[in-house]
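This is coords22.txt. It holds compact mmCIF, C-alpha atoms and all ligand atoms.
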# COMPACT_ATOMS: atom_id res chain seq x y z
CA MET C 15 66.95 -210.97 -89.13
CA LYS C 16 64.66 -211.59 -92.07
CA ASP C 17 62.40 -208.67 -91.14
CA THR C 18 65.39 -206.37 -90.85
CA ILE C 19 66.60 -207.35 -94.31
CA GLU C 20 63.20 -206.76 -95.84
CA ALA C 21 62.85 -203.39 -94.19
CA MET C 22 66.28 -202.28 -95.32
CA PHE C 23 66.24 -203.59 -98.88
CA GLY C 24 63.00 -203.75 -100.82
CA VAL C 25 61.40 -203.21 -104.22
CA THR C 26 58.13 -201.41 -104.94
CA ILE C 27 56.71 -202.01 -108.40
CA LEU C 28 55.09 -198.76 -109.57
CA GLY C 29 54.28 -200.03 -113.05
CA ASN C 30 54.78 -203.21 -115.06
CA ASN C 31 52.27 -203.06 -117.85
CA SER C 32 54.69 -203.00 -120.77
CA ALA C 33 54.12 -200.80 -123.77
CA LEU C 34 50.54 -199.60 -123.32
CA PRO C 35 49.23 -198.05 -120.12
CA ALA C 36 45.95 -199.50 -118.88
CA TYR C 37 43.58 -198.35 -116.19
CA ASP C 38 45.25 -198.88 -112.84
CA ARG C 39 48.29 -200.46 -114.40
CA HIS C 40 51.24 -198.44 -115.55
CA PRO C 41 54.32 -198.59 -117.76
CA THR C 42 57.59 -199.65 -116.19
CA ALA C 43 58.88 -197.98 -113.05
CA GLN C 44 60.05 -199.35 -109.76
CA LEU C 45 61.61 -198.04 -106.60
CA VAL C 46 64.36 -199.86 -104.79
CA THR C 47 64.69 -198.96 -101.13
CA LEU C 48 68.11 -199.58 -99.68
CA ASN C 49 68.59 -198.26 -96.14
CA GLU C 50 67.89 -194.54 -96.48
CA GLN C 51 68.44 -194.52 -100.25
CA LEU C 52 65.75 -194.58 -102.92
CA PHE C 53 66.70 -195.69 -106.41
CA LEU C 54 64.22 -195.27 -109.24
CA ILE C 55 64.55 -197.77 -112.06
CA ASP C 56 62.84 -196.64 -115.27
CA CYS C 57 60.25 -193.91 -115.33
CA GLY C 58 57.34 -194.72 -117.63
CA GLU C 59 54.46 -192.35 -118.23
CA GLY C 60 52.62 -191.46 -115.01
CA THR C 61 55.41 -192.51 -112.66
CA GLN C 62 55.12 -189.33 -110.60
CA MET C 63 51.43 -190.07 -110.00
CA GLN C 64 52.33 -193.52 -108.75
CA ILE C 65 55.02 -192.03 -106.50
CA ALA C 66 52.36 -189.74 -105.01
CA ARG C 67 49.92 -192.62 -104.66
CA TYR C 68 52.43 -194.64 -102.66
CA ARG C 69 53.19 -191.53 -100.55
CA ILE C 70 56.86 -191.64 -101.45
CA ARG C 71 58.82 -188.44 -100.99
CA HIS C 72 60.59 -187.99 -104.31
CA SER C 73 63.09 -185.65 -102.68
CA LYS C 74 64.61 -188.88 -101.30
CA ILE C 75 65.34 -190.22 -104.78
CA GLY C 76 69.02 -189.61 -105.41
CA HIS C 77 69.62 -191.87 -108.40
CA ILE C 78 67.49 -192.70 -111.44
CA PHE C 79 68.45 -195.53 -113.80
CA ILE C 80 66.89 -195.75 -117.28
CA SER C 81 67.26 -199.13 -118.97
CA HIS C 82 66.61 -198.05 -122.58
CA LEU C 83 64.93 -195.45 -124.75
CA HIS C 84 61.63 -197.12 -125.56
CA GLY C 85 58.99 -194.66 -124.39
CA ASP C 86 57.29 -196.98 -121.93
CA HIS C 87 60.49 -196.86 -119.87
CA TYR C 88 61.15 -193.11 -119.75
CA PHE C 89 58.25 -190.95 -120.98
CA GLY C 90 57.51 -189.97 -117.37
CA LEU C 91 61.02 -188.69 -116.73
CA ILE C 92 60.74 -185.07 -117.87
CA GLY C 93 57.53 -184.69 -115.84
CA LEU C 94 59.13 -186.04 -112.70
CA ILE C 95 62.28 -183.96 -113.10
CA THR C 96 60.41 -180.70 -113.69
CA SER C 97 58.10 -181.41 -110.75
CA MET C 98 61.16 -181.87 -108.55
CA GLY C 99 62.28 -178.43 -109.72
CA LEU C 100 58.87 -176.83 -109.11
CA LEU C 101 58.88 -178.26 -105.58
CA GLY C 102 62.19 -176.55 -104.88
CA ARG C 103 64.64 -179.40 -104.96
CA GLU C 104 68.18 -178.12 -104.54
CA HIS C 105 70.25 -181.27 -104.02
CA ALA C 106 71.76 -183.12 -106.96
CA LEU C 107 69.95 -185.80 -108.91
CA ASN C 108 72.02 -188.51 -110.59
CA LEU C 109 70.67 -189.88 -113.84
CA TYR C 110 72.08 -192.98 -115.56
CA GLY C 111 71.03 -194.16 -119.01
CA PRO C 112 71.86 -194.45 -122.72
CA PRO C 113 73.95 -191.44 -123.90
CA ARG C 114 71.20 -189.84 -126.04
CA LEU C 115 68.84 -189.57 -123.08
CA ILE C 116 70.43 -186.31 -122.00
CA ASP C 117 69.86 -184.78 -125.48
CA ILE C 118 66.14 -185.47 -125.12
CA ILE C 119 65.92 -184.05 -121.60
CA GLU C 120 67.96 -180.95 -122.50
CA LEU C 121 65.81 -180.27 -125.58
CA GLN C 122 62.62 -180.49 -123.56
CA LEU C 123 63.98 -178.12 -120.92
CA LYS C 124 65.34 -175.72 -123.55
CA VAL C 125 62.13 -175.29 -125.57
CA ALA C 126 60.20 -174.76 -122.33
CA ASP C 127 62.80 -172.19 -121.24
CA THR C 128 63.16 -174.12 -117.99
CA THR C 129 66.24 -174.06 -115.81
CA LEU C 130 66.35 -176.68 -113.10
CA PRO C 131 67.16 -175.33 -109.63
CA PHE C 132 69.25 -178.42 -108.83
CA PRO C 133 72.24 -180.10 -110.51
CA LEU C 134 71.21 -182.89 -112.86
CA LEU C 135 74.27 -185.12 -113.06
CA PHE C 136 74.10 -187.35 -116.11
CA HIS C 137 76.12 -190.57 -116.28
CA PRO C 138 75.97 -192.11 -119.78
CA ILE C 139 75.97 -195.90 -119.82
CA GLU C 140 78.21 -197.18 -122.58
CA LYS C 141 79.63 -200.43 -121.28
CA GLU C 142 78.93 -203.14 -118.76
CA GLY C 143 80.28 -202.84 -115.23
CA LEU C 144 80.03 -200.90 -112.01
CA ILE C 145 78.25 -197.55 -112.40
CA LEU C 146 77.86 -196.66 -108.73
CA ASP C 147 80.06 -197.77 -105.86
CA HIS C 148 79.51 -196.86 -102.22
CA PRO C 149 80.82 -198.46 -99.01
CA LYS C 150 77.32 -199.80 -98.34
CA TYR C 151 75.99 -200.57 -101.83
CA SER C 152 76.86 -200.82 -105.49
CA VAL C 153 75.03 -200.77 -108.81
CA ALA C 154 76.32 -202.59 -111.89
CA CYS C 155 74.80 -202.62 -115.35
CA PHE C 156 74.76 -205.44 -117.88
CA GLU C 157 73.61 -205.72 -121.49
CA THR C 158 70.32 -207.40 -122.29
CA SER C 159 69.09 -208.64 -125.66
CA HIS C 160 66.52 -206.20 -127.05
CA ARG C 161 65.80 -204.34 -130.32
CA ILE C 162 67.74 -201.27 -129.18
CA PRO C 163 70.59 -201.00 -126.62
CA CYS C 164 69.14 -201.99 -123.27
CA TRP C 165 70.65 -202.36 -119.82
CA GLY C 166 69.77 -204.41 -116.78
CA PHE C 167 70.86 -203.37 -113.30
CA LEU C 168 72.23 -205.35 -110.40
CA ILE C 169 71.86 -203.54 -107.08
CA THR C 170 73.90 -205.01 -104.26
CA GLU C 171 73.77 -204.26 -100.59
CA LYS C 172 77.20 -204.75 -99.09
CA ARG C 173 76.49 -206.45 -95.82
CA ASN C 174 78.82 -204.93 -93.26
CA PRO C 175 80.66 -205.32 -90.96
CA ARG C 176 83.32 -206.91 -93.12
CA LYS C 177 85.92 -209.28 -91.75
CA ILE C 178 89.45 -207.98 -91.47
CA LEU C 179 92.14 -210.12 -93.10
CA ARG C 180 94.77 -209.77 -90.40
CA GLU C 181 97.81 -210.73 -92.49
CA LYS C 182 96.83 -208.32 -95.25
CA VAL C 183 96.28 -205.29 -93.00
CA ILE C 184 99.64 -205.87 -91.30
CA GLU C 185 101.34 -206.32 -94.69
CA LYS C 186 99.83 -203.01 -95.88
CA GLY C 187 100.67 -201.25 -92.59
CA ILE C 188 97.11 -200.10 -91.92
CA PRO C 189 96.84 -198.74 -88.34
CA ALA C 190 94.48 -200.52 -85.93
CA ALA C 191 92.64 -197.22 -85.37
CA PHE C 192 91.28 -197.54 -88.92
CA TYR C 193 89.94 -201.09 -88.50
CA ASP C 194 86.41 -199.93 -87.68
CA HIS C 195 86.31 -197.98 -90.97
CA LEU C 196 87.56 -201.05 -92.84
CA LYS C 197 84.75 -203.10 -91.29
CA GLN C 198 82.29 -200.57 -92.75
CA GLY C 199 83.73 -201.01 -96.22
CA GLU C 200 85.91 -197.90 -96.53
CA ASP C 201 89.12 -197.87 -98.54
CA TYR C 202 92.34 -196.88 -96.79
CA VAL C 203 94.44 -194.03 -98.16
CA THR C 204 98.12 -194.08 -97.17
CA LYS C 205 100.11 -190.95 -96.32
CA THR C 206 101.54 -190.99 -99.84
CA GLY C 207 98.04 -191.03 -101.35
CA GLU C 208 97.96 -194.68 -102.36
CA VAL C 209 94.46 -196.14 -102.16
CA ILE C 210 94.24 -199.61 -100.59
CA PRO C 211 90.92 -201.03 -101.85
CA ASN C 212 88.78 -202.34 -99.02
CA ASP C 213 88.20 -205.72 -100.62
CA SER C 214 91.95 -206.36 -100.77
CA VAL C 215 92.23 -206.32 -96.96
CA THR C 216 88.76 -207.53 -95.87
CA SER C 217 86.30 -210.23 -96.82
CA PRO C 218 82.50 -210.33 -96.58
CA ASN C 219 81.30 -211.46 -93.18
CA ILE C 220 77.68 -211.95 -94.11
CA PRO C 221 76.77 -212.74 -97.73
CA ASP C 222 75.83 -209.63 -99.75
CA SER C 223 72.25 -209.43 -100.93
CA SER C 224 71.26 -208.22 -104.36
CA TYR C 225 68.40 -207.45 -106.70
CA ALA C 226 68.60 -207.87 -110.47
CA PHE C 227 66.35 -205.90 -112.82
CA CYS C 228 66.65 -207.43 -116.27
CA ALA C 229 64.58 -204.91 -118.26
CA ASP C 230 63.21 -205.92 -121.65
CA THR C 231 65.13 -208.89 -122.90
CA LYS C 232 64.97 -212.01 -124.95
CA TYR C 233 66.39 -215.14 -123.39
CA THR C 234 70.16 -215.00 -123.50
CA GLU C 235 72.69 -217.12 -121.67
CA SER C 236 75.03 -214.20 -121.15
CA ILE C 237 72.75 -212.61 -118.56
CA ALA C 238 72.81 -215.70 -116.36
CA THR C 239 76.42 -215.20 -115.30
CA LYS C 240 75.74 -211.55 -114.41
CA VAL C 241 72.80 -212.29 -112.13
CA GLN C 242 73.56 -215.78 -110.85
CA ASN C 243 73.90 -214.77 -107.20
CA ALA C 244 70.97 -212.35 -107.07
CA ASN C 245 68.47 -212.94 -104.28
CA LEU C 246 65.63 -211.55 -106.37
CA LEU C 247 65.35 -211.48 -110.16
CA TYR C 248 62.89 -209.42 -112.21
CA HIS C 249 62.05 -209.80 -115.91
CA GLU C 250 59.47 -208.06 -118.04
CA THR C 251 58.06 -209.09 -121.35
CA THR C 252 55.29 -207.86 -123.62
CA TYR C 253 54.98 -210.91 -125.85
CA LEU C 254 54.99 -214.61 -125.31
CA ASN C 255 57.25 -216.73 -127.48
CA ARG C 256 54.45 -217.75 -129.81
CA SER C 257 53.66 -214.13 -130.72
CA PHE C 258 56.85 -214.05 -132.79
CA GLN C 259 56.00 -217.12 -134.84
ZN ZN H 301 61.68 -202.01 -124.87
Could you write out this file's structure as structure tokens?
Amino acid sequence: MKDTIEAMFGVTILGNNSALPAYDRHPTAQLVTLNEQLFLIDCGEGTQMQIARYRIRHSKIGHIFISHLHGDHYFGLIGLITSMGLLGREHALNLYGPPRLIDIIELQLKVADTTLPFPLLFHPIEKEGLILDHPKYSVACFETSHRIPCWGFLITEKRNPRKILREKVIEKGIPAAFYDHLKQGEDYVTKTGEVIPNDSVTSPNIPDSSYAFCADTKYTESIATKVQNANLLYHETTYLNRSFQ
């Protein structure tokens, strides 16, 4: 079971060298593998070279999450995006980050007279909460304590099949033919269009597993409640406490 979990849900650190790149170490970027999905968290300078080095097909990256707008966390983004275009990507790329990120990307594309051949779907992050929800996984963001607005990410694998709450499904009149879909985490839509959320008629059978990326942050109690059930927790820091004294 353990091997299966590791194969299905894993993290590859592409860079963790904080603000200054160094030989053979790189600014922040990491890839989260979740079943067939690849999520890229942050995209420091040189990330696309690291992706090539690890022989990762960047066409498989569907979602990129940028924690904040310090350069060591996103200066590799325009390079990666334009390479995706040059290599003929046609399917959509979802980008999540602070609202002004899209202004920077659009300006860089505009002055280079570049039109991407694929839809770049930008999702500004303005408040804490769920930013991506799928029957098999979810991504939530939470505020960290940094000099500029900065977001951590909690990626959760919903461990199906879920357990059907018999009394609830009968109460809601959900037909037995739909039970297999419920076990896979799908919501039920009634004939009148009412959505019955999956978690109101099922419960987790196996505990969910999750990974928390806490980005740049000072110590703050508020993060603890957001990440308390994470199976794996990641922090980065450039300075030790004494450097501030
Ligand atoms: Zn920073």
Chain C near ligand ZN 301 (chain H) within 12 Å: what's each residue's closest atom pair and its distance in Å to one decimal, counting only C-alpha atoms and all ligand atoms, ordered by chain then ascending residue number, as a tab-separated table?
residue	atom	partner	partner_atom	distance
C:Asn31	CA	H:ZN301	ZN	11.8
C:Ser32	CA	H:ZN301	ZN	8.2
C:Ala33	CA	H:ZN301	ZN	7.7
C:Leu34	CA	H:ZN301	ZN	11.5
C:Pro41	CA	H:ZN301	ZN	10.8
C:Thr42	CA	H:ZN301	ZN	9.9
C:Asp56	CA	H:ZN301	ZN	11.1
C:Gly58	CA	H:ZN301	ZN	11.2
C:Ile80	CA	H:ZN301	ZN	11.1
C:Ser81	CA	H:ZN301	ZN	8.6
C:His82	CA	H:ZN301	ZN	6.7
C:Leu83	CA	H:ZN301	ZN	7.3
C:His84	CA	H:ZN301	ZN	4.9
C:Gly85	CA	H:ZN301	ZN	7.8
C:Asp86	CA	H:ZN301	ZN	7.3
C:His87	CA	H:ZN301	ZN	7.3
C:Tyr88	CA	H:ZN301	ZN	10.3
C:Thr158	CA	H:ZN301	ZN	10.5
C:Ser159	CA	H:ZN301	ZN	10.0
C:His160	CA	H:ZN301	ZN	6.8
C:Arg161	CA	H:ZN301	ZN	7.2
C:Ile162	CA	H:ZN301	ZN	7.5
C:Pro163	CA	H:ZN301	ZN	9.1
C:Cys164	CA	H:ZN301	ZN	7.6
C:Trp165	CA	H:ZN301	ZN	10.3
C:Gly166	CA	H:ZN301	ZN	11.7
C:Cys228	CA	H:ZN301	ZN	11.3
C:Ala229	CA	H:ZN301	ZN	7.8
C:Asp230	CA	H:ZN301	ZN	5.3
C:Thr231	CA	H:ZN301	ZN	7.9
C:Lys232	CA	H:ZN301	ZN	10.5
C:His249	CA	H:ZN301	ZN	11.9
C:Glu250	CA	H:ZN301	ZN	9.4
C:Thr251	CA	H:ZN301	ZN	8.7
C:Thr252	CA	H:ZN301	ZN	8.8
C:Tyr253	CA	H:ZN301	ZN	11.2
*Rank C:Tyr202, C:Val46, C:Ala66, C:Glu181 by their smallest atom-to-atom distance to Phe23 of chain C, using only C-alpha atoms, and report the top residue only.*
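Checking each of C:Tyr202, C:Val46, C:Ala66, C:Glu181 against Phe23 of chain C, counting only C-alpha atoms, the winner is C:Val46.
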*Near His105 of chain C, counting all atoms listed in the file, which residues have an atom at most 9 Å away, once you skip same-chain residues fewer than 3 positions from it, shown as a list in words?*
Ser73, Gly76, Pro131, Phe132 and Pro133 of chain C
Just the selected residues (C-alpha atoms), exported as a PDB file, in the frame of the given file, please.
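Output below, filename result09.pdb:
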ATOM      1  CA  SER C  73      63.090-185.650-102.680  1.00  0.00           C
ATOM      2  CA  GLY C  76      69.020-189.610-105.410  1.00  0.00           C
ATOM      3  CA  PRO C 131      67.160-175.330-109.630  1.00  0.00           C
ATOM      4  CA  PHE C 132      69.250-178.420-108.830  1.00  0.00           C
ATOM      5  CA  PRO C 133      72.240-180.100-110.510  1.00  0.00           C
TER       6      PRO C 133
END
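When all atoms listed in the file are used to compute distances to Gln44 of chain C, the closest of the residues C:Gly99, C:Glu235, C:Leu121, C:Phe227 turns out to be C:Phe227.
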*asked:* Measuring between only C-alpha atoms, which one of C:Ile188, C:Val241, C:Ile55, C:Leu247 shows the shortest distance to Ile75 of chain C?
replied: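 Smallest separation from Ile75 of chain C among the options: C:Ile55.
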_Could you check the closest approach to Thr129 of chain C for each of C:Gln64, C:Thr216, C:Thr96, C:Thr170 and tell me which residue wins, using all atoms listed in the file?_
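Between C:Gln64, C:Thr216, C:Thr96, C:Thr170, the residue approaching Thr129 of chain C most closely is C:Thr96.
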*Have a look at atom CA of Arg103 of chain C and atom CA of Glu140 of chain C and let me know their distance in Å, one decimal.*
28.5 Å
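The two atoms in question, atom CA of Ala244 of chain C and atom CA of Leu94 of chain C, are spaced 29.4 Å apart.
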*Which residues, written as a list in words, have at least one atom at most 12 Å from Arg180 of chain C, with all atoms listed in the file counted and residues fewer than 5 positions away on the same chain left out?*
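My list of contacting residues is Glu185, Lys186, Gly187, Ile188, Pro189, Ala190, Tyr193, Leu196, Ser214, Val215, Thr216 and Ser217 of chain C.
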*Atom pair atom CA of Met22 of chain C / atom CA of Asn243 of chain C: separation (Å)*: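 Distance between the two atoms: 18.8 Å.
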*With all atoms listed in the file as the basis for distance, which of C:Leu28, C:Ile92, C:Leu115, C:Cys155 is at the shortest distance from Leu130 of chain C?*
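Ranked by minimum distance to Leu130 of chain C, first place goes to C:Ile92.
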*Between C:Thr26, C:Ala106, C:Leu168, C:His148, which one has atoms that come closest to Arg69 of chain C, using all atoms listed in the file?*
C:Thr26
*May I have the residues within 8 Å of Glu171 of chain C as number ranges by chain, using only C-alpha atoms and disregarding those fewer than 4 positions away in the same chain?*
C: 23, 48, 150-152, 222-224
*asked:* I'd like the contact shell of Ile78 of chain C - 10 Å cut-off, only C-alpha atoms, skipping same-chain residues fewer than 3 positions apart - returned as a PyMOL selection string.
replied: chain C and resi 45+52-57+75+81+91+107-111+136
Would you write out those residues with C-alpha atoms, as a PDB file, in the coordinates of the input?
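To be explicit, this is the file written out as result22.pdb:
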ATOM      1  CA  LEU C  45      61.610-198.040-106.600  1.00  0.00           C
ATOM      2  CA  LEU C  52      65.750-194.580-102.920  1.00  0.00           C
ATOM      3  CA  PHE C  53      66.700-195.690-106.410  1.00  0.00           C
ATOM      4  CA  LEU C  54      64.220-195.270-109.240  1.00  0.00           C
ATOM      5  CA  ILE C  55      64.550-197.770-112.060  1.00  0.00           C
ATOM      6  CA  ASP C  56      62.840-196.640-115.270  1.00  0.00           C
ATOM      7  CA  CYS C  57      60.250-193.910-115.330  1.00  0.00           C
ATOM      8  CA  ILE C  75      65.340-190.220-104.780  1.00  0.00           C
ATOM      9  CA  SER C  81      67.260-199.130-118.970  1.00  0.00           C
ATOM     10  CA  LEU C  91      61.020-188.690-116.730  1.00  0.00           C
ATOM     11  CA  LEU C 107      69.950-185.800-108.910  1.00  0.00           C
ATOM     12  CA  ASN C 108      72.020-188.510-110.590  1.00  0.00           C
ATOM     13  CA  LEU C 109      70.670-189.880-113.840  1.00  0.00           C
ATOM     14  CA  TYR C 110      72.080-192.980-115.560  1.00  0.00           C
ATOM     15  CA  GLY C 111      71.030-194.160-119.010  1.00  0.00           C
ATOM     16  CA  PHE C 136      74.100-187.350-116.110  1.00  0.00           C
TER      17      PHE C 136
END
Please return segment 40-51 of chain C, rebuilt to all heavy atoms, as a PDB file, in the frame of the given file.
ATOM      1  N   HIS C  40      50.394-199.537-115.055  1.00  0.00           N
ATOM      2  CA  HIS C  40      51.240-198.440-115.550  1.00  0.00           C
ATOM      3  C   HIS C  40      52.479-198.993-116.243  1.00  0.00           C
ATOM      4  O   HIS C  40      52.906-200.102-115.952  1.00  0.00           O
ATOM      5  CB  HIS C  40      51.661-197.559-114.365  1.00  0.00           C
ATOM      6  CG  HIS C  40      50.488-196.963-113.652  1.00  0.00           C
ATOM      7  ND1 HIS C  40      50.020-195.707-113.902  1.00  0.00           N
ATOM      8  CD2 HIS C  40      49.650-197.493-112.730  1.00  0.00           C
ATOM      9  CE1 HIS C  40      48.958-195.469-113.162  1.00  0.00           C
ATOM     10  NE2 HIS C  40      48.703-196.534-112.432  1.00  0.00           N
ATOM     11  N   PRO C  41      53.069-198.167-117.130  1.00  0.00           N
ATOM     12  CA  PRO C  41      54.320-198.590-117.760  1.00  0.00           C
ATOM     13  C   PRO C  41      55.433-198.709-116.709  1.00  0.00           C
ATOM     14  O   PRO C  41      55.289-198.266-115.578  1.00  0.00           O
ATOM     15  CB  PRO C  41      54.627-197.484-118.773  1.00  0.00           C
ATOM     16  CG  PRO C  41      53.391-196.681-118.879  1.00  0.00           C
ATOM     17  CD  PRO C  41      52.635-196.853-117.603  1.00  0.00           C
ATOM     18  N   THR C  42      56.546-199.246-117.136  1.00  0.00           N
ATOM     19  CA  THR C  42      57.590-199.650-116.190  1.00  0.00           C
ATOM     20  C   THR C  42      58.153-198.539-115.319  1.00  0.00           C
ATOM     21  O   THR C  42      58.566-197.483-115.807  1.00  0.00           O
ATOM     22  CB  THR C  42      58.768-200.282-116.976  1.00  0.00           C
ATOM     23  OG1 THR C  42      58.248-201.282-117.823  1.00  0.00           O
ATOM     24  CG2 THR C  42      59.790-200.894-116.033  1.00  0.00           C
ATOM     25  N   ALA C  43      58.176-198.806-114.034  1.00  0.00           N
ATOM     26  CA  ALA C  43      58.880-197.980-113.050  1.00  0.00           C
ATOM     27  C   ALA C  43      58.903-198.769-111.760  1.00  0.00           C
ATOM     28  O   ALA C  43      57.929-199.458-111.444  1.00  0.00           O
ATOM     29  CB  ALA C  43      58.180-196.650-112.829  1.00  0.00           C
ATOM     30  N   GLN C  44      60.001-198.700-111.070  1.00  0.00           N
ATOM     31  CA  GLN C  44      60.050-199.350-109.760  1.00  0.00           C
ATOM     32  C   GLN C  44      61.044-198.639-108.862  1.00  0.00           C
ATOM     33  O   GLN C  44      61.995-198.029-109.344  1.00  0.00           O
ATOM     34  CB  GLN C  44      60.366-200.829-109.878  1.00  0.00           C
ATOM     35  CG  GLN C  44      61.544-201.182-110.726  1.00  0.00           C
ATOM     36  CD  GLN C  44      61.693-202.699-110.838  1.00  0.00           C
ATOM     37  OE1 GLN C  44      62.566-203.257-110.223  1.00  0.00           O
ATOM     38  NE2 GLN C  44      60.850-203.343-111.635  1.00  0.00           N
ATOM     39  N   LEU C  45      60.748-198.700-107.576  1.00  0.00           N
ATOM     40  CA  LEU C  45      61.610-198.040-106.600  1.00  0.00           C
ATOM     41  C   LEU C  45      62.301-199.090-105.758  1.00  0.00           C
ATOM     42  O   LEU C  45      61.647-199.986-105.230  1.00  0.00           O
ATOM     43  CB  LEU C  45      60.769-197.164-105.670  1.00  0.00           C
ATOM     44  CG  LEU C  45      60.603-195.723-106.084  1.00  0.00           C
ATOM     45  CD1 LEU C  45      59.537-195.064-105.231  1.00  0.00           C
ATOM     46  CD2 LEU C  45      61.900-194.932-105.961  1.00  0.00           C
ATOM     47  N   VAL C  46      63.605-198.967-105.658  1.00  0.00           N
ATOM     48  CA  VAL C  46      64.360-199.860-104.790  1.00  0.00           C
ATOM     49  C   VAL C  46      64.743-199.065-103.541  1.00  0.00           C
ATOM     50  O   VAL C  46      65.328-197.987-103.636  1.00  0.00           O
ATOM     51  CB  VAL C  46      65.629-200.388-105.502  1.00  0.00           C
ATOM     52  CG1 VAL C  46      66.464-201.226-104.546  1.00  0.00           C
ATOM     53  CG2 VAL C  46      65.238-201.200-106.727  1.00  0.00           C
ATOM     54  N   THR C  47      64.349-199.588-102.400  1.00  0.00           N
ATOM     55  CA  THR C  47      64.690-198.960-101.130  1.00  0.00           C
ATOM     56  C   THR C  47      65.888-199.698-100.556  1.00  0.00           C
ATOM     57  O   THR C  47      65.851-200.919-100.427  1.00  0.00           O
ATOM     58  CB  THR C  47      63.525-199.106-100.123  1.00  0.00           C
ATOM     59  OG1 THR C  47      62.327-198.707-100.767  1.00  0.00           O
ATOM     60  CG2 THR C  47      63.755-198.272 -98.888  1.00  0.00           C
ATOM     61  N   LEU C  48      66.919-198.950-100.240  1.00  0.00           N
ATOM     62  CA  LEU C  48      68.110-199.580 -99.680  1.00  0.00           C
ATOM     63  C   LEU C  48      68.608-198.671 -98.551  1.00  0.00           C
ATOM     64  O   LEU C  48      69.148-197.599 -98.794  1.00  0.00           O
ATOM     65  CB  LEU C  48      69.166-199.733-100.782  1.00  0.00           C
ATOM     66  CG  LEU C  48      70.482-200.411-100.427  1.00  0.00           C
ATOM     67  CD1 LEU C  48      70.273-201.680 -99.630  1.00  0.00           C
ATOM     68  CD2 LEU C  48      71.263-200.712-101.690  1.00  0.00           C
ATOM     69  N   ASN C  49      68.350-199.103 -97.323  1.00  0.00           N
ATOM     70  CA  ASN C  49      68.590-198.260 -96.140  1.00  0.00           C
ATOM     71  C   ASN C  49      67.857-196.942 -96.330  1.00  0.00           C
ATOM     72  O   ASN C  49      66.673-196.932 -96.570  1.00  0.00           O
ATOM     73  CB  ASN C  49      70.090-198.089 -95.891  1.00  0.00           C
ATOM     74  CG  ASN C  49      70.763-199.433 -95.665  1.00  0.00           C
ATOM     75  OD1 ASN C  49      70.264-200.252 -94.910  1.00  0.00           O
ATOM     76  ND2 ASN C  49      71.865-199.686 -96.345  1.00  0.00           N
ATOM     77  N   GLU C  50      68.563-195.832 -96.329  1.00  0.00           N
ATOM     78  CA  GLU C  50      67.890-194.540 -96.480  1.00  0.00           C
ATOM     79  C   GLU C  50      67.839-194.082 -97.938  1.00  0.00           C
ATOM     80  O   GLU C  50      67.348-193.012 -98.245  1.00  0.00           O
ATOM     81  CB  GLU C  50      68.620-193.469 -95.651  1.00  0.00           C
ATOM     82  CG  GLU C  50      68.512-193.680 -94.147  1.00  0.00           C
ATOM     83  CD  GLU C  50      67.078-193.667 -93.664  1.00  0.00           C
ATOM     84  OE1 GLU C  50      66.380-192.675 -93.895  1.00  0.00           O
ATOM     85  OE2 GLU C  50      66.639-194.675 -93.064  1.00  0.00           O
ATOM     86  N   GLN C  51      68.365-194.915 -98.840  1.00  0.00           N
ATOM     87  CA  GLN C  51      68.440-194.520-100.250  1.00  0.00           C
ATOM     88  C   GLN C  51      67.194-194.966-101.018  1.00  0.00           C
ATOM     89  O   GLN C  51      66.637-196.022-100.742  1.00  0.00           O
ATOM     90  CB  GLN C  51      69.636-195.202-100.924  1.00  0.00           C
ATOM     91  CG  GLN C  51      70.979-194.770-100.419  1.00  0.00           C
ATOM     92  CD  GLN C  51      71.355-193.393-100.901  1.00  0.00           C
ATOM     93  OE1 GLN C  51      71.013-193.015-102.015  1.00  0.00           O
ATOM     94  NE2 GLN C  51      72.041-192.645-100.067  1.00  0.00           N
TER      95      GLN C  51
END
